[in-house]
Amino acid sequence: MADIITLRYTVSPDDFTRAGEASSDVKNKLKQLGIAPPVIRKVSIALYEGEINMVIHAKGGEITVEVSPESIRMVLADVGPGIPDISLAMKEGYSTAPDEIRSLGFGAGMGLSNMKKYTDYMDIQTELGIGTTITMIVNVT
Amino acid sequence: MTLEDARRVLGARVLVGENCLDQEVGTVCGSDMMSDVLAFSKDHSILLTGLCNPQVIRTAEMLDIICIIFVRGKRPDDKTLEMARDTGLVIMETGHRMFSACGMLYEAGLRGGAI
Ligand SMILES: Nc1ncnc2c1ncn2[C@@H]1O[C@H](COP(=O)(O)OP(=O)(O)OP(=O)(O)O)[C@@H](O)[C@H]1O
Ligand SMILES: [Mg+2]
């Protein structure tokens, strides 16, 4: 596997019940590629948290996943409100999710810190009123 | 302990995956907050929850959880059960409430796993 395989997804903001479809597809593709299960697990959890955030906090966007022999690189670009204070947002327990989201099982303020925990690299670029782009890398070896 | 053992302890009814009950289970996670499940759960475990939406299935899928048991008689809709079938999950329902169900499995020897 010398080449880089690129997977692209559009995340729809309208249907919460469909959130996670991209992460699910990535998980299946990584299995087919024979990536080690612990690596797949890290990618799945981090990507799913990010995908959910794109739906509940932003207005959807694009996910790009690049699979190379050395690493799996995920870029989640949304067209949401942006994050005013990244270090505050990263804190465990900090959440602006409304009660309606909490009744769906999300909004504990754990997602971003969980994404950091399960990846080897994470970068957040955000602009208020424009959107947020999160890049995460999980090393394969 | 196998899933069949856990089923018997809870008197649970299998909704999906009747033929996969011989799988070994190590740990249990009980929560209605998928956020918490994603942050703490171990793989090859059972998820006990009273939350009934498709994201419960997705969350279990991402974490390699092998079985979801819905407590206090909650039951997901057919579309959600179909998703579970596609994912290869075992789904059960029990009339017991969360606290009792956790206690019964704990007494039977299952643990939550270290954080
Ligand atoms: N893509 C995003 N666009 C805008 N704001 C975001 C985005 N992602 C996260 N945030 C902000 O950062 C906060 C913390 O995010 P985090 O994922 O850690 O928790 P949460 O989504 O609120 O709850 P959980 O992830 O536990 O379900 C959010 O409540 C929200 O205010
Ligand atoms: Mg989140």
# chains A, B, ... in the order shown; residues from 1 in each chain; ligands from 1
>>> select_by_dssp(residues="chain B", states="strand (DSSP E)", output="PyMOL selection string")
chain B and resi 13-16+27-30+45-49+67-70+90-93
>>> select_by_dssp(residues="chain A", states="alpha helix (DSSP H)", output="PyMOL selection string")
chain A and resi 21-32+37-56+86-90+99-102+111-118
>>> residues_around(residues="B:Cys29", least_positions_apart="5", cutoff="9 Å", atoms="only C-alpha atoms", output="JSON, numbers by chain")
{"B": [37, 40, 41, 42, 45, 46, 47, 48, 49, 102, 111, 112, 113]}
>>> closest_atom_pairs(of="chain A", to="ligand 2", cutoff="10 Å", atoms="only C-alpha atoms and all ligand atoms", output="Markdown table")
| residue | atom | partner | partner_atom_place_in_ligand_line | distance |
| --- | --- | --- | --- | --- |
| A:Tyr48 | CA | ligand 2 | 1 (Mg) | 9.1 |
| A:Glu49 | CA | ligand 2 | 1 (Mg) | 5.5 |
| A:Gly50 | CA | ligand 2 | 1 (Mg) | 6.7 |
| A:Glu51 | CA | ligand 2 | 1 (Mg) | 8.5 |
| A:Ile52 | CA | ligand 2 | 1 (Mg) | 6.2 |
| A:Asn53 | CA | ligand 2 | 1 (Mg) | 4.7 |
| A:Met54 | CA | ligand 2 | 1 (Mg) | 8.5 |
| A:Val55 | CA | ligand 2 | 1 (Mg) | 9.5 |
| A:Ile56 | CA | ligand 2 | 1 (Mg) | 7.9 |
| A:His57 | CA | ligand 2 | 1 (Mg) | 8.1 |
| A:Ala89 | CA | ligand 2 | 1 (Mg) | 9.6 |
| A:Met90 | CA | ligand 2 | 1 (Mg) | 9.9 |
| A:Tyr94 | CA | ligand 2 | 1 (Mg) | 9.8 |
| A:Ser95 | CA | ligand 2 | 1 (Mg) | 7.9 |
| A:Thr96 | CA | ligand 2 | 1 (Mg) | 9.7 |
| A:Ala97 | CA | ligand 2 | 1 (Mg) | 8.6 |
| A:Phe106 | CA | ligand 2 | 1 (Mg) | 6.9 |
| A:Gly107 | CA | ligand 2 | 1 (Mg) | 6.1 |
| A:Ala108 | CA | ligand 2 | 1 (Mg) | 7.5 |
| A:Gly109 | CA | ligand 2 | 1 (Mg) | 6.1 |
| A:Met110 | CA | ligand 2 | 1 (Mg) | 6.2 |
| A:Gly111 | CA | ligand 2 | 1 (Mg) | 3.8 |
| A:Leu112 | CA | ligand 2 | 1 (Mg) | 6.1 |
| A:Ser113 | CA | ligand 2 | 1 (Mg) | 9.0 |
| A:Asn114 | CA | ligand 2 | 1 (Mg) | 8.8 |
| A:Met115 | CA | ligand 2 | 1 (Mg) | 9.1 |
>>> residues_around(residues="stretch 8-23 of chain B", least_positions_apart="4", cutoff="6 Å", atoms="only C-alpha atoms", output="list of chain:residue names")
B:Thr2, B:Leu3, B:Glu4, B:Val90, B:Ile91, B:Met92, B:Glu93, B:Thr94
>>> write_last_selection(atoms="N, CA, C and O atoms", output="mmCIF file, in the first residue's frame")
data_model
loop_
_atom_site.group_PDB
_atom_site.id
_atom_site.type_symbol
_atom_site.label_atom_id
_atom_site.label_comp_id
_atom_site.auth_asym_id
_atom_site.auth_seq_id
_atom_site.Cartn_x
_atom_site.Cartn_y
_atom_site.Cartn_z
ATOM 1 N N THR B 2 -20.445 -15.170 29.223
ATOM 2 C CA THR B 2 -20.873 -14.947 27.843
ATOM 3 C C THR B 2 -22.112 -14.039 27.828
ATOM 4 O O THR B 2 -22.715 -13.770 28.865
ATOM 5 N N LEU B 3 -22.476 -13.603 26.627
ATOM 6 C CA LEU B 3 -23.686 -12.790 26.501
ATOM 7 C C LEU B 3 -24.912 -13.574 26.943
ATOM 8 O O LEU B 3 -25.839 -13.025 27.523
ATOM 9 N N GLU B 4 -24.903 -14.875 26.695
ATOM 10 C CA GLU B 4 -26.031 -15.710 27.128
ATOM 11 C C GLU B 4 -26.146 -15.725 28.660
ATOM 12 O O GLU B 4 -27.255 -15.631 29.203
ATOM 13 N N VAL B 90 -25.381 -7.348 19.078
ATOM 14 C CA VAL B 90 -26.454 -8.065 19.765
ATOM 15 C C VAL B 90 -27.276 -7.036 20.539
ATOM 16 O O VAL B 90 -26.713 -6.164 21.205
ATOM 17 N N ILE B 91 -28.599 -7.095 20.402
ATOM 18 C CA ILE B 91 -29.472 -6.156 21.113
ATOM 19 C C ILE B 91 -30.446 -6.928 22.002
ATOM 20 O O ILE B 91 -31.054 -7.897 21.555
ATOM 21 N N MET B 92 -30.542 -6.494 23.254
ATOM 22 C CA MET B 92 -31.513 -7.112 24.168
ATOM 23 C C MET B 92 -32.306 -6.022 24.880
ATOM 24 O O MET B 92 -31.911 -4.867 24.898
ATOM 25 N N GLU B 93 -33.424 -6.443 25.473
ATOM 26 C CA GLU B 93 -34.179 -5.525 26.332
ATOM 27 C C GLU B 93 -34.503 -6.233 27.641
ATOM 28 O O GLU B 93 -34.726 -7.435 27.675
ATOM 29 N N THR B 94 -34.479 -5.442 28.731
ATOM 30 C CA THR B 94 -34.859 -5.986 30.030
ATOM 31 C C THR B 94 -35.802 -5.008 30.712
ATOM 32 O O THR B 94 -35.708 -3.798 30.492
#
>>> closest_atom_pairs(of="chain B", to="ligand 1", cutoff="12 Å", atoms="only C-alpha atoms and all ligand atoms", output="Markdown table")
| residue | atom | partner | partner_atom_place_in_ligand_line | distance |
| --- | --- | --- | --- | --- |
| B:Asp32 | CA | ligand 1 | 27 (O) | 11.7 |
| B:Met33 | CA | ligand 1 | 27 (O) | 8.1 |
| B:Met34 | CA | ligand 1 | 27 (O) | 7.2 |
| B:Ser35 | CA | ligand 1 | 26 (O) | 4.3 |
| B:Asp36 | CA | ligand 1 | 26 (O) | 6.9 |
| B:Val37 | CA | ligand 1 | 26 (O) | 9.5 |
| B:Leu38 | CA | ligand 1 | 26 (O) | 8.5 |
| B:Ala39 | CA | ligand 1 | 26 (O) | 8.3 |
| B:Phe40 | CA | ligand 1 | 26 (O) | 11.5 |
| B:Gln55 | CA | ligand 1 | 27 (O) | 11.3 |
| B:Thr59 | CA | ligand 1 | 27 (O) | 11.3 |
>>> write_last_selection(atoms="N, CA and C atoms", output="PDB file, in the first residue's frame")
ATOM      1  N   ASP B  32     -26.794   6.822  30.024  1.00  0.00           N
ATOM      2  CA  ASP B  32     -27.699   7.379  29.021  1.00  0.00           C
ATOM      3  C   ASP B  32     -27.002   8.482  28.235  1.00  0.00           C
ATOM      4  N   MET B  33     -25.771   8.831  28.631  1.00  0.00           N
ATOM      5  CA  MET B  33     -25.015   9.867  27.918  1.00  0.00           C
ATOM      6  C   MET B  33     -23.984   9.216  27.010  1.00  0.00           C
ATOM      7  N   MET B  34     -24.194   9.302  25.708  1.00  0.00           N
ATOM      8  CA  MET B  34     -23.250   8.694  24.781  1.00  0.00           C
ATOM      9  C   MET B  34     -21.879   9.372  24.875  1.00  0.00           C
ATOM     10  N   SER B  35     -21.873  10.657  25.223  1.00  0.00           N
ATOM     11  CA  SER B  35     -20.613  11.383  25.433  1.00  0.00           C
ATOM     12  C   SER B  35     -19.741  10.659  26.451  1.00  0.00           C
ATOM     13  N   ASP B  36     -20.358  10.229  27.550  1.00  0.00           N
ATOM     14  CA  ASP B  36     -19.604   9.535  28.600  1.00  0.00           C
ATOM     15  C   ASP B  36     -19.164   8.156  28.135  1.00  0.00           C
ATOM     16  N   VAL B  37     -20.031   7.493  27.409  1.00  0.00           N
ATOM     17  CA  VAL B  37     -19.690   6.167  26.908  1.00  0.00           C
ATOM     18  C   VAL B  37     -18.459   6.269  26.009  1.00  0.00           C
ATOM     19  N   LEU B  38     -18.448   7.284  25.144  1.00  0.00           N
ATOM     20  CA  LEU B  38     -17.327   7.458  24.211  1.00  0.00           C
ATOM     21  C   LEU B  38     -16.032   7.766  24.955  1.00  0.00           C
ATOM     22  N   ALA B  39     -16.146   8.414  26.107  1.00  0.00           N
ATOM     23  CA  ALA B  39     -14.940   8.816  26.829  1.00  0.00           C
ATOM     24  C   ALA B  39     -14.392   7.702  27.721  1.00  0.00           C
ATOM     25  N   PHE B  40     -15.238   6.778  28.152  1.00  0.00           N
ATOM     26  CA  PHE B  40     -14.770   5.832  29.170  1.00  0.00           C
ATOM     27  C   PHE B  40     -14.812   4.362  28.789  1.00  0.00           C
ATOM     28  N   GLN B  55     -28.079   6.935  17.400  1.00  0.00           N
ATOM     29  CA  GLN B  55     -26.713   7.258  17.823  1.00  0.00           C
ATOM     30  C   GLN B  55     -26.193   6.288  18.873  1.00  0.00           C
ATOM     31  N   THR B  59     -22.625   4.755  18.387  1.00  0.00           N
ATOM     32  CA  THR B  59     -21.635   4.854  19.455  1.00  0.00           C
ATOM     33  C   THR B  59     -21.055   3.475  19.764  1.00  0.00           C
TER      34      THR B  59
END
>>> residues_around(residues="B:Met62", least_positions_apart="4", cutoff="9 Å", atoms="only C-alpha atoms", output="list in words")
Ser23, Ser24, Lys27, Ile40, Arg41, Lys42, Val43, Ser44, Ile45 and Tyr48 of chain A; Leu38, Ile57 and Arg58 of chain B
>>> write_last_selection(atoms="N, CA and C atoms", output="PDB file, in the first residue's frame")
ATOM      1  N   SER A  23     -18.329   8.396   9.643  1.00  0.00           N
ATOM      2  CA  SER A  23     -17.416   7.669  10.538  1.00  0.00           C
ATOM      3  C   SER A  23     -17.580   6.159  10.375  1.00  0.00           C
ATOM      4  N   SER A  24     -18.828   5.738  10.233  1.00  0.00           N
ATOM      5  CA  SER A  24     -19.110   4.318  10.053  1.00  0.00           C
ATOM      6  C   SER A  24     -18.491   3.797   8.755  1.00  0.00           C
ATOM      7  N   LYS A  27     -14.725   3.582   9.070  1.00  0.00           N
ATOM      8  CA  LYS A  27     -14.379   2.400   9.877  1.00  0.00           C
ATOM      9  C   LYS A  27     -14.383   1.132   9.018  1.00  0.00           C
ATOM     10  N   ILE A  40      -7.833   1.606  14.179  1.00  0.00           N
ATOM     11  CA  ILE A  40      -9.193   1.858  13.673  1.00  0.00           C
ATOM     12  C   ILE A  40     -10.070   2.422  14.789  1.00  0.00           C
ATOM     13  N   ARG A  41      -9.910   1.869  15.975  1.00  0.00           N
ATOM     14  CA  ARG A  41     -10.725   2.294  17.109  1.00  0.00           C
ATOM     15  C   ARG A  41     -10.477   3.769  17.443  1.00  0.00           C
ATOM     16  N   LYS A  42      -9.192   4.157  17.461  1.00  0.00           N
ATOM     17  CA  LYS A  42      -8.849   5.557  17.758  1.00  0.00           C
ATOM     18  C   LYS A  42      -9.439   6.489  16.705  1.00  0.00           C
ATOM     19  N   VAL A  43      -9.245   6.120  15.434  1.00  0.00           N
ATOM     20  CA  VAL A  43      -9.765   6.938  14.339  1.00  0.00           C
ATOM     21  C   VAL A  43     -11.283   7.044  14.440  1.00  0.00           C
ATOM     22  N   SER A  44     -11.943   5.919  14.699  1.00  0.00           N
ATOM     23  CA  SER A  44     -13.408   5.887  14.736  1.00  0.00           C
ATOM     24  C   SER A  44     -13.953   6.811  15.812  1.00  0.00           C
ATOM     25  N   ILE A  45     -13.398   6.706  17.017  1.00  0.00           N
ATOM     26  CA  ILE A  45     -13.913   7.501  18.134  1.00  0.00           C
ATOM     27  C   ILE A  45     -13.683   8.991  17.882  1.00  0.00           C
ATOM     28  N   TYR A  48     -15.876  10.249  14.917  1.00  0.00           N
ATOM     29  CA  TYR A  48     -17.302  10.270  15.282  1.00  0.00           C
ATOM     30  C   TYR A  48     -17.614  11.471  16.180  1.00  0.00           C
TER      31      TYR A  48
ATOM     32  N   LEU B  38     -18.448   7.284  25.144  1.00  0.00           N
ATOM     33  CA  LEU B  38     -17.327   7.458  24.211  1.00  0.00           C
ATOM     34  C   LEU B  38     -16.032   7.766  24.955  1.00  0.00           C
ATOM     35  N   ILE B  57     -26.574   3.079  18.626  1.00  0.00           N
ATOM     36  CA  ILE B  57     -25.992   2.022  17.792  1.00  0.00           C
ATOM     37  C   ILE B  57     -24.651   2.483  17.227  1.00  0.00           C
ATOM     38  N   ARG B  58     -24.621   3.716  16.706  1.00  0.00           N
ATOM     39  CA  ARG B  58     -23.373   4.258  16.145  1.00  0.00           C
ATOM     40  C   ARG B  58     -22.267   4.291  17.184  1.00  0.00           C
TER      41      ARG B  58
END
>>> closest_residue(among="A:Ala77, A:Ile35, A:Val67, A:Ala19", to="A:Leu7", atoms="only C-alpha atoms")
A:Val67
>>> residues_around(residues="B:His44", least_positions_apart="4", cutoff="8 Å", atoms="only C-alpha atoms", output="ChimeraX atom specification")
/B:24-27,64-66
>>> write_last_selection(atoms="C-alpha atoms", output="compact mmCIF listing (two decimals), in the first residue's frame")
# COMPACT_ATOMS: atom_id res chain seq x y z
CA GLU B 24 -17.26 -13.54 25.89
CA VAL B 25 -17.84 -10.21 27.60
CA GLY B 26 -15.30 -8.47 29.82
CA THR B 27 -16.77 -5.21 31.03
CA ASP B 64 -16.46 -2.12 19.26
CA ILE B 65 -19.07 -2.72 21.93
CA ILE B 66 -20.59 -6.15 21.25
>>> atom_distance(atom1="atom CA of A:Tyr9", atom2="atom CA of A:Pro38")
23.1 Å
>>> closest_residue(among="A:Leu76, A:Ile124, A:Met136, A:Val26", to="chain B", atoms="only C-alpha atoms")
A:Val26
>>> atom_distance(atom1="atom CA of A:Asp3", atom2="atom CA of A:Thr133")
24.8 Å
>>> residues_around(residues="A:Arg73", least_positions_apart="3", cutoff="9 Å", atoms="only C-alpha atoms", output="ChimeraX atom specification")
/A:64-68,135-139
